[in-house]
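Okay, final_33.csv now, which holds CSV, C-alpha atoms:
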```csv
chain,number,residue,atom,x,y,z
O,87,MET,CA,7.6,-19.4,12.0
O,88,THR,CA,10.1,-16.6,11.5
O,89,THR,CA,9.5,-13.1,12.9
O,90,ILE,CA,11.3,-10.4,11.0
O,91,PRO,CA,12.9,-7.7,13.2
O,92,GLY,CA,10.9,-4.5,13.6
O,93,THR,CA,9.2,-3.0,16.6
O,94,ALA,CA,6.3,-4.2,18.7
O,95,GLU,CA,4.1,-2.2,16.3
O,96,TYR,CA,5.8,-3.4,13.1
O,97,ASP,CA,6.7,-7.0,13.6
O,98,VAL,CA,5.5,-9.2,10.7
O,99,GLU,CA,5.3,-13.0,11.0
O,100,VAL,CA,6.2,-14.9,7.9
O,101,SER,CA,6.4,-18.7,7.6
O,102,ILE,CA,9.8,-19.8,6.2
O,103,ALA,CA,10.5,-23.5,6.2
O,104,GLU,CA,14.1,-24.5,6.9
O,105,SER,CA,13.9,-26.9,4.0
O,106,ASP,CA,13.1,-24.1,1.6
O,107,VAL,CA,16.1,-22.1,2.9
O,108,GLU,CA,18.4,-25.0,2.4
O,109,ARG,CA,17.0,-25.7,-1.1
O,110,LEU,CA,17.7,-22.1,-2.2
O,111,LEU,CA,21.2,-22.2,-0.7
O,112,GLU,CA,22.0,-25.1,-3.0
O,113,VAL,CA,20.7,-23.3,-6.2
O,114,THR,CA,23.2,-22.5,-9.0
O,115,PRO,CA,22.6,-20.9,-12.4
O,116,SER,CA,22.6,-24.3,-14.0
O,117,ASP,CA,19.3,-25.0,-12.2
O,118,VAL,CA,17.3,-22.4,-14.2
O,119,GLU,CA,16.3,-21.9,-17.8
O,120,PRO,CA,16.5,-18.6,-19.6
O,121,ALA,CA,13.3,-16.7,-20.0
O,122,PRO,CA,11.6,-16.8,-23.4
O,123,GLU,CA,11.5,-13.0,-23.6
O,124,LEU,CA,12.7,-9.8,-21.9
O,125,SER,CA,10.6,-6.8,-21.1
O,126,PHE,CA,11.2,-3.2,-20.0
O,127,CYS,CA,9.1,-0.1,-19.2
O,128,ARG,CA,9.8,3.4,-20.6
O,129,ASN,CA,9.5,5.9,-17.8
O,130,VAL,CA,10.3,9.3,-16.3
O,131,PHE,CA,12.0,9.4,-12.9
O,132,ILE,CA,10.4,12.1,-10.7
O,133,PRO,CA,12.3,12.7,-7.4
O,134,LEU,CA,9.4,14.3,-5.6
O,135,THR,CA,11.4,15.0,-2.5
O,136,THR,CA,14.9,14.1,-1.3
O,137,ALA,CA,13.9,14.2,2.4
O,138,CYS,CA,14.2,10.9,4.2
O,139,ARG,CA,13.8,9.8,7.8
O,140,TYR,CA,16.6,7.2,7.3
O,141,THR,CA,20.4,7.7,6.8
O,142,CYS,CA,21.4,4.4,5.1
O,143,THR,CA,25.2,4.4,4.5
O,144,TYR,CA,24.9,3.3,0.9
O,145,CYS,CA,22.4,5.9,-0.2
O,146,THR,CA,23.1,9.2,-2.0
O,147,TYR,CA,19.5,10.0,-2.6
O,148,PHE,CA,18.6,11.7,0.7
O,149,ASP,CA,19.7,15.2,1.5
O,150,PRO,CA,20.0,16.4,5.1
O,151,PRO,CA,17.5,18.9,6.6
O,152,GLY,CA,17.9,22.3,5.1
O,153,GLN,CA,19.2,20.9,1.8
O,154,ALA,CA,16.4,18.5,0.8
O,155,SER,CA,14.3,19.4,-2.3
O,156,LEU,CA,10.6,19.3,-3.0
O,157,LEU,CA,9.4,19.5,-6.6
O,158,SER,CA,6.5,21.8,-7.4
O,159,LEU,CA,3.6,20.5,-9.3
O,160,GLU,CA,4.7,22.7,-12.2
O,161,GLU,CA,8.0,20.9,-12.2
O,162,VAL,CA,6.3,17.6,-12.1
O,163,ARG,CA,4.1,18.5,-15.0
O,164,ASP,CA,7.1,19.6,-17.1
O,165,ILE,CA,8.9,16.3,-16.5
O,166,CYS,CA,5.7,14.4,-17.3
O,167,ARG,CA,5.2,16.3,-20.6
O,168,ARG,CA,8.8,15.6,-21.7
O,169,GLY,CA,8.2,11.9,-20.9
O,170,ALA,CA,5.0,11.7,-22.8
O,171,ASP,CA,6.6,13.4,-25.8
O,172,ALA,CA,9.3,10.7,-25.6
O,173,GLY,CA,6.7,7.9,-25.6
O,174,CYS,CA,7.0,7.0,-21.9
O,175,THR,CA,4.1,5.3,-20.2
O,176,GLU,CA,5.3,5.4,-16.5
O,177,ALA,CA,5.7,8.3,-14.1
O,178,LEU,CA,8.1,6.8,-11.4
O,179,PHE,CA,7.7,8.8,-8.2
O,180,THR,CA,10.4,8.3,-5.6
O,181,PHE,CA,11.3,10.0,-2.4
O,182,GLY,CA,12.9,9.2,0.9
O,183,ASP,CA,10.6,7.6,3.5
O,184,ASP,CA,8.0,9.9,5.0
O,185,PRO,CA,10.1,12.8,6.2
O,186,ASP,CA,10.4,13.1,10.0
O,187,ASP,CA,10.1,16.2,12.1
O,188,ARG,CA,13.7,17.4,11.3
O,189,TYR,CA,12.6,18.4,7.8
O,190,THR,CA,10.8,21.6,8.9
O,191,GLN,CA,11.3,23.4,5.6
O,192,ILE,CA,9.7,20.5,3.7
O,193,HIS,CA,6.7,20.4,6.1
O,194,ASP,CA,6.4,24.2,5.9
O,195,GLN,CA,6.5,24.2,2.1
O,196,LEU,CA,3.8,21.6,2.0
O,197,ALA,CA,1.7,23.6,4.4
O,198,ASP,CA,2.2,26.8,2.3
O,199,TRP,CA,1.0,24.9,-0.8
O,200,GLY,CA,-2.1,23.7,1.1
O,201,TYR,CA,-1.1,20.1,1.9
O,202,HIS,CA,-1.1,18.4,5.3
O,203,SER,CA,1.2,15.5,4.4
O,204,ILE,CA,3.6,14.2,1.8
O,205,HIS,CA,1.1,11.5,0.8
O,206,GLU,CA,-1.6,14.1,0.2
O,207,TYR,CA,0.9,15.9,-2.0
O,208,LEU,CA,1.9,12.7,-3.8
O,209,ARG,CA,-1.7,12.1,-4.7
O,210,ALA,CA,-1.8,15.6,-6.3
O,211,ALA,CA,1.4,14.8,-8.2
O,212,CYS,CA,0.0,11.5,-9.5
O,213,GLU,CA,-3.1,13.3,-10.7
O,214,VAL,CA,-0.8,15.6,-12.7
O,215,ALA,CA,0.9,12.6,-14.3
O,216,LEU,CA,-2.4,11.2,-15.3
O,217,GLU,CA,-3.5,14.5,-16.8
O,218,GLU,CA,-0.3,14.5,-18.9
O,219,GLY,CA,-0.8,10.9,-20.1
O,220,LEU,CA,1.4,8.8,-17.9
O,221,LEU,CA,0.6,6.0,-15.5
O,222,PRO,CA,2.0,6.6,-12.0
O,223,HIS,CA,4.1,4.1,-10.2
O,224,SER,CA,5.1,5.4,-6.7
O,225,ASN,CA,7.8,4.3,-4.4
O,226,PRO,CA,7.3,6.3,-1.2
O,227,GLY,CA,9.2,3.9,1.1
O,228,ASP,CA,7.5,2.6,4.3
O,229,GLN,CA,3.8,3.3,4.4
O,230,THR,CA,1.0,2.7,6.8
O,231,LEU,CA,-2.2,1.1,5.5
O,232,GLU,CA,-3.9,4.6,5.7
O,233,GLN,CA,-1.1,6.3,3.8
O,234,MET,CA,-1.1,3.8,1.0
O,235,ALA,CA,-4.9,3.8,0.7
O,236,GLU,CA,-4.7,7.6,0.2
O,237,VAL,CA,-2.8,7.2,-3.1
O,238,ALA,CA,-3.5,3.7,-4.3
O,239,ASP,CA,-6.4,4.6,-6.6
O,240,VAL,CA,-4.2,7.0,-8.6
O,241,ASN,CA,-1.3,4.5,-9.0
O,242,ALA,CA,-1.2,1.8,-11.7
O,243,SER,CA,1.2,0.0,-9.4
O,244,MET,CA,3.4,0.8,-6.4
O,245,GLY,CA,6.6,-0.5,-4.8
O,246,VAL,CA,9.2,-0.6,-2.1
O,247,MET,CA,12.5,-2.4,-1.9
O,248,LEU,CA,12.6,-4.9,0.9
O,249,GLU,CA,16.4,-4.9,0.6
O,250,THR,CA,16.9,-7.6,3.2
O,251,THR,CA,15.3,-9.2,6.2
O,252,ALA,CA,18.6,-9.0,8.0
O,253,ASP,CA,19.5,-6.4,10.6
O,254,VAL,CA,22.6,-4.9,8.9
O,255,ASP,CA,25.0,-2.2,9.9
O,256,ALA,CA,24.4,-0.4,6.5
O,257,HIS,CA,21.0,0.5,8.0
O,258,ALA,CA,22.6,1.8,11.2
O,259,GLY,CA,22.1,5.2,12.8
O,260,PRO,CA,19.7,7.0,15.0
O,261,ARG,CA,16.9,6.5,12.4
O,262,ARG,CA,17.5,2.8,11.6
O,263,LYS,CA,15.6,1.1,8.7
O,264,LEU,CA,13.7,-1.9,10.1
O,265,PRO,CA,13.0,-5.0,7.9
O,266,GLY,CA,9.7,-5.5,9.7
O,267,GLN,CA,8.4,-2.1,8.5
O,268,ARG,CA,9.3,-2.9,4.9
O,269,LEU,CA,7.5,-6.2,5.1
O,270,ARG,CA,4.5,-4.5,6.7
O,271,THR,CA,4.4,-2.1,3.7
O,272,ILE,CA,4.4,-5.1,1.3
O,273,ARG,CA,1.6,-6.7,3.4
O,274,ASN,CA,-0.3,-3.4,3.3
O,275,ALA,CA,-0.2,-3.5,-0.5
O,276,GLY,CA,-1.6,-7.0,-0.5
O,277,GLU,CA,-4.4,-6.0,1.8
O,278,LEU,CA,-5.3,-3.1,-0.5
O,279,ASP,CA,-5.0,-5.1,-3.8
O,280,VAL,CA,-2.1,-3.0,-5.1
O,281,ALA,CA,0.0,-4.6,-7.8
O,282,PHE,CA,3.4,-4.3,-6.2
O,283,THR,CA,7.2,-4.3,-7.0
O,284,THR,CA,9.8,-5.1,-4.4
O,285,GLY,CA,13.3,-6.5,-4.4
O,286,ILE,CA,16.5,-7.3,-2.5
O,287,LEU,CA,19.7,-5.2,-2.3
O,288,VAL,CA,22.8,-7.4,-2.6
O,289,GLY,CA,26.0,-6.6,-0.9
O,290,ILE,CA,25.1,-4.5,2.1
O,291,GLY,CA,26.3,-6.9,4.7
O,292,GLU,CA,23.7,-9.7,4.4
O,293,SER,CA,24.6,-13.4,4.4
O,294,TRP,CA,23.6,-16.0,1.8
O,295,ARG,CA,21.0,-17.3,4.3
O,296,ASP,CA,19.7,-13.7,4.7
O,297,ARG,CA,19.3,-13.6,0.9
O,298,ALA,CA,17.4,-16.8,0.8
O,299,GLU,CA,15.1,-15.8,3.7
O,300,SER,CA,14.4,-12.4,2.1
O,301,LEU,CA,13.3,-14.0,-1.1
O,302,LEU,CA,11.1,-16.5,0.8
O,303,ALA,CA,9.6,-13.8,2.9
O,304,ILE,CA,8.5,-12.0,-0.3
O,305,ARG,CA,7.2,-15.3,-1.7
O,306,GLU,CA,5.2,-15.9,1.5
O,307,LEU,CA,3.5,-12.5,1.4
O,308,HIS,CA,2.8,-12.9,-2.4
O,309,GLU,CA,1.2,-16.3,-1.7
O,310,ARG,CA,-1.2,-14.7,0.8
O,311,TYR,CA,-2.3,-11.9,-1.6
O,312,ASP,CA,-1.1,-12.6,-5.1
O,313,HIS,CA,0.0,-9.0,-5.6
O,314,VAL,CA,3.8,-9.0,-6.2
O,315,GLN,CA,4.4,-8.4,-9.9
O,316,GLU,CA,8.2,-8.3,-10.0
O,317,VAL,CA,11.2,-8.7,-7.7
O,318,ILE,CA,14.3,-6.7,-8.4
O,319,VAL,CA,17.8,-8.2,-7.7
O,320,GLN,CA,19.9,-5.1,-7.3
O,321,PRO,CA,23.6,-4.9,-6.4
O,322,VAL,CA,24.7,-2.1,-4.2
O,323,ALA,CA,26.9,0.3,-6.1
O,324,ASN,CA,29.9,2.4,-5.1
O,325,ASN,CA,29.2,6.1,-4.7
O,326,GLU,CA,30.3,9.0,-2.6
O,327,ARG,CA,28.8,7.4,0.5
O,328,TRP,CA,29.5,3.8,-0.1
O,329,THR,CA,33.0,2.6,-0.9
O,330,ASP,CA,32.8,-1.1,0.2
O,331,GLY,CA,32.3,-2.3,-3.3
O,332,SER,CA,29.7,-4.2,-5.3
O,333,PRO,CA,29.0,-7.9,-5.4
O,334,GLY,CA,30.9,-9.8,-8.0
O,335,LEU,CA,29.5,-11.4,-11.1
O,336,GLU,CA,29.3,-14.9,-9.7
O,337,THR,CA,27.5,-13.6,-6.6
O,338,MET,CA,24.9,-11.9,-8.8
O,339,ARG,CA,24.5,-15.0,-11.0
O,340,ARG,CA,23.9,-17.2,-8.0
O,341,VAL,CA,21.5,-14.9,-6.2
O,342,THR,CA,19.6,-14.2,-9.4
O,343,ALA,CA,19.1,-17.9,-10.0
O,344,MET,CA,18.0,-18.2,-6.3
O,345,ALA,CA,15.4,-15.6,-7.0
O,346,ARG,CA,14.0,-17.4,-10.0
O,347,VAL,CA,13.8,-20.7,-8.2
O,348,GLY,CA,12.5,-19.3,-5.0
O,349,LEU,CA,9.7,-17.1,-6.4
O,350,PRO,CA,6.5,-18.2,-8.2
O,351,GLU,CA,6.6,-18.4,-11.9
O,352,GLU,CA,4.2,-15.5,-12.4
O,353,VAL,CA,6.5,-13.1,-10.5
O,354,SER,CA,9.1,-11.5,-12.8
O,355,VAL,CA,12.7,-11.4,-11.8
O,356,GLN,CA,14.3,-8.1,-12.8
O,357,VAL,CA,17.8,-6.7,-12.8
O,358,PRO,CA,18.5,-2.9,-13.3
O,359,PRO,CA,20.6,-2.8,-16.5
O,360,ASN,CA,22.5,0.4,-15.4
O,361,LEU,CA,23.7,-1.4,-12.2
O,362,ALA,CA,23.9,-5.1,-13.0
O,363,PRO,CA,25.6,-6.9,-15.9
O,364,ALA,CA,22.3,-7.9,-17.5
O,365,ARG,CA,24.0,-9.5,-20.5
O,366,ASP,CA,25.7,-12.0,-18.1
O,367,LEU,CA,22.5,-12.7,-16.1
O,368,VAL,CA,20.0,-13.5,-18.9
O,369,ASP,CA,20.7,-17.2,-18.5
O,370,CYS,CA,20.0,-17.0,-14.7
O,371,GLY,CA,16.2,-16.5,-15.1
O,372,ILE,CA,15.7,-12.8,-15.4
O,373,ASP,CA,12.8,-11.8,-17.7
O,374,ASP,CA,12.6,-8.0,-17.1
O,375,LEU,CA,15.1,-5.1,-17.4
O,376,GLY,CA,13.0,-2.7,-15.3
O,377,GLY,CA,12.1,0.9,-15.9
O,378,VAL,CA,14.4,2.8,-18.2
O,379,SER,CA,14.1,6.5,-18.9
O,380,PRO,CA,15.0,8.3,-22.2
O,381,VAL,CA,14.7,11.7,-20.6
O,382,THR,CA,15.6,11.6,-16.9
O,383,ASP,CA,18.5,10.4,-14.7
O,384,ASP,CA,18.4,7.5,-12.2
O,385,HIS,CA,18.2,9.9,-9.3
O,386,VAL,CA,18.8,7.1,-6.8
O,387,ASN,CA,22.0,6.1,-8.6
O,388,PRO,CA,23.0,9.3,-10.5
O,389,ASP,CA,26.5,7.9,-11.2
O,390,TYR,CA,25.1,5.1,-13.3
O,391,ALA,CA,23.4,6.2,-16.6
O,392,TRP,CA,20.4,4.4,-18.0
O,393,PRO,CA,21.3,2.3,-21.1
O,394,ALA,CA,19.8,3.4,-24.4
O,395,LEU,CA,17.1,1.3,-26.0
O,396,ASP,CA,19.6,-0.2,-28.5
O,397,GLU,CA,21.7,-1.4,-25.6
O,398,LEU,CA,18.6,-3.2,-24.2
O,399,GLU,CA,18.0,-4.7,-27.6
O,400,ALA,CA,21.6,-5.9,-27.7
O,401,VAL,CA,21.1,-7.7,-24.4
O,402,ALA,CA,18.0,-9.4,-25.8
O,403,GLU,CA,19.8,-10.2,-29.0
O,404,HIS,CA,22.7,-11.7,-27.0
O,405,ALA,CA,20.1,-13.9,-25.2
O,406,GLY,CA,18.4,-14.8,-28.5
O,407,VAL,CA,15.0,-13.7,-27.2
O,408,PRO,CA,12.6,-10.9,-28.2
O,409,LEU,CA,12.4,-7.6,-26.3
O,410,ARG,CA,9.0,-6.1,-25.6
O,411,GLU,CA,7.8,-2.9,-23.9
O,412,ARG,CA,5.4,-3.2,-21.0
O,413,LEU,CA,3.3,-0.9,-18.8
O,414,PRO,CA,4.1,-0.2,-15.2
O,415,VAL,CA,1.3,-2.6,-14.2
O,416,TYR,CA,1.9,-6.1,-15.5
O,417,GLU,CA,-0.7,-7.5,-18.0
O,418,ARG,CA,-1.8,-10.3,-15.7
O,419,PHE,CA,-3.3,-7.6,-13.4
O,420,LEU,CA,-5.4,-6.0,-16.1
O,421,PRO,CA,-9.1,-6.8,-16.6
O,422,ALA,CA,-9.9,-8.8,-19.7
O,423,GLY,CA,-10.8,-5.8,-21.9
O,424,LEU,CA,-7.3,-4.4,-21.5
O,425,ARG,CA,-5.2,-7.5,-22.0
O,426,SER,CA,-3.7,-8.4,-25.3
O,427,ASP,CA,-5.4,-11.0,-27.5
O,428,ASP,CA,-2.5,-13.5,-27.1
O,429,PHE,CA,-2.1,-13.1,-23.3
O,430,ASN,CA,-1.3,-16.5,-21.9
O,431,GLY,CA,0.0,-15.6,-18.4
O,432,VAL,CA,-1.3,-16.4,-15.0
O,433,LEU,CA,-4.2,-14.1,-14.0
O,434,ALA,CA,-3.9,-12.2,-10.7
O,435,ASP,CA,-6.6,-12.7,-8.0
O,436,GLY,CA,-8.9,-9.7,-8.0
O,437,VAL,CA,-8.9,-9.3,-11.8
O,438,ASP,CA,-12.4,-8.9,-13.2
O,439,GLY,CA,-13.8,-8.3,-9.7
O,440,VAL,CA,-12.7,-11.5,-8.0
O,441,SER,CA,-11.4,-10.8,-4.5
O,442,GLY,CA,-7.8,-11.6,-3.8
O,443,GLY,CA,-8.4,-12.7,-0.2
O,444,THR,CA,-7.8,-9.2,1.1
O,445,GLN,CA,-8.3,-8.5,4.8
O,446,GLN,CA,-9.4,-5.0,3.9
O,447,ALA,CA,-12.5,-5.9,1.8
O,448,SER,CA,-14.2,-2.6,2.4
O,449,VAL,CA,-11.3,-0.8,0.7
O,450,ALA,CA,-10.5,-3.3,-2.0
O,451,ASP,CA,-13.9,-4.6,-3.1
O,452,GLY,CA,-14.7,-3.5,-6.7
O,453,ARG,CA,-11.2,-2.3,-7.5
O,454,ALA,CA,-10.4,-5.3,-9.6
O,455,TRP,CA,-6.8,-4.4,-9.2
O,456,LEU,CA,-7.1,-1.2,-11.2
O,457,SER,CA,-8.9,1.8,-9.8
O,458,PRO,CA,-11.5,3.5,-12.0
O,459,THR,CA,-9.1,6.4,-12.5
O,460,ILE,CA,-6.4,4.2,-13.9
O,461,ARG,CA,-8.9,2.1,-15.9
O,462,ARG,CA,-10.2,5.3,-17.6
O,463,ALA,CA,-6.6,6.4,-18.4
O,464,LEU,CA,-5.9,3.0,-20.1
O,465,GLU,CA,-9.2,3.1,-22.0
O,466,ALA,CA,-9.1,6.7,-23.0
O,467,ASN,CA,-9.5,7.5,-26.7
O,468,ASP,CA,-6.6,9.9,-26.8
O,469,ASP,CA,-2.8,9.7,-27.5
O,470,ALA,CA,-2.0,8.5,-24.0
O,471,GLY,CA,-4.6,5.7,-24.0
O,472,ARG,CA,-3.5,4.6,-27.4
O,473,ARG,CA,0.2,4.6,-26.2
O,474,PHE,CA,-0.7,2.5,-23.2
O,475,ARG,CA,-2.6,0.0,-25.3
O,476,ALA,CA,0.2,-0.2,-27.9
O,477,THR,CA,2.5,-1.8,-25.4
O,478,LEU,CA,0.1,-4.7,-25.1
O,479,GLU,CA,-0.3,-5.3,-28.8
```

So, in terms of structure tokens, how does the structure I just supplied come out?
Amino acid sequence: MTTIPGTAEYDVEVSIAESDVERLLEVTPSDVEPAPELSFCRNVFIPLTTACRYTCTYCTYFDPPGQASLLSLEEVRDICRRGADAGCTEALFTFGDDPDDRYTQIHDQLADWGYHSIHEYLRAACEVALEEGLLPHSNPGDQTLEQMAEVADVNASMGVMLETTADVDAHAGPRRKLPGQRLRTIRNAGELDVAFTTGILVGIGESWRDRAESLLAIRELHERYDHVQEVIVQPVANNERWTDGSPGLETMRRVTAMARVGLPEEVSVQVPPNLAPARDLVDCGIDDLGGVSPVTDDHVNPDYAWPALDELEAVAEHAGVPLRERLPVYERFLPAGLRSDDFNGVLADGVDGVSGGTQQASVADGRAWLSPTIRRALEANDDAGRRFRATLE
């Protein structure tokens, strides 16, 4: 039994067998087969706030107190409308982890607008996205069970990057990011039946063993709850705060193959095409190119522009496989009436009302992985509903 570093409150126990670690450490790209198709999601990137309690040395997203921004709901609505006009289906909400007490201006602004917390405000922003015909996918960082429950029913899916189970210097500082808290958030999503995206960040000081253990920790939590829909293999990228370089191609090929071998078949392996050499990784087991926006920047990595759709098509053509568009929630999580006729994937526990073994039955019972709010959005007889369903045809 391995305990991931955290605090007394946030430790998470995950069972990682030494034999599984050793097996992953021996994996090479020749041990995997290319996926039969590639997918992507068309989204708008909405940086709800740049306030963050952490000060990770590789991150340019957060702004210090006094400089952090907070989008108004009017600004959120404008971004969503532009995305809907461009055929997007996902509203990707990101912000730094729950702002701490140093961000007095952010807290004061929320209070002036009538909100008691950033999660209460996130819920209102997600409702705006739904009104404008987009499905929310929120990445609010570490979350307690109560925080996630406050917004789960207005999100088609949610996510947080695990990054690594290792205690690395890149997370150093007075407000250190703890792996145990990240795993706790992934576990909370499982307990609440939230279809979830997570991933590892490659090149921030972790070892090969750390990479293997991180992937196996994700697998162990997914096997408990059957809720992880995709795992992102993301290289750290040079920017104004990080000048230690990015992992080389051979490192990315090997770790991507490790992800494919170490994770269950139903969990997609994704690389971000603006950060990773996707064309050179398609034979290493990736089957998804993530969320790509035709109208907004990657606000987490602003120096690295999204590829255009024809560039994604070129990657798929290079691999000799079809490229298809998907929703922010994977099809295996949808109830039968919303899946495509030729769906042949592995169904998620909880679909069609079957419990996924959640420890929070009072919260999750009856959600069937999609809240009534999201189900109505998908079934709606309007442009948004037709756009959502078109991605499944």

| remark: atom CA of O:Arg462 sits from atom CA of O:Glu411 at a separation of 20.8 Å

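For O:Leu287, the set of protein, DNA and RNA residues having any atom at most 8 Å away, when counting all atoms listed in the file and skipping those fewer than 4 positions along the same chain, is Met247, Leu248, Glu249, Thr250, Val319, Gln320, Pro321 and Val322 of chain O.
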
| remark: The distance between atom CA of O:Ser379 and atom CA of O:Glu479 is 21.1 Å

| said: My list of candidates is O:Asp187, O:Glu399, O:Asp312, O:Glu217. Which is closest to O:Leu159 when distances are computed with only C-alpha atoms? | reply: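 Among the listed residues, the smallest separation from O:Leu159 belongs to O:Glu217.
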
| task | May I ask for the distance between atom CA of O:Leu110 and atom CA of O:Ser243, given in Å to one decimal place? | result |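 About the pair atom CA of O:Leu110 and atom CA of O:Ser243: they are 28.5 Å apart.
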
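Nearest to O:Phe179 of all the residues O:Arg418, O:Arg410, O:Arg297, O:Arg209 is O:Arg209, based on only C-alpha atoms.
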
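Nearest-residue note for O:Ala323: choosing from O:Leu361, O:Gln233, O:Trp455, O:Asp428, the minimum distance belongs to O:Leu361, counting only C-alpha atoms.
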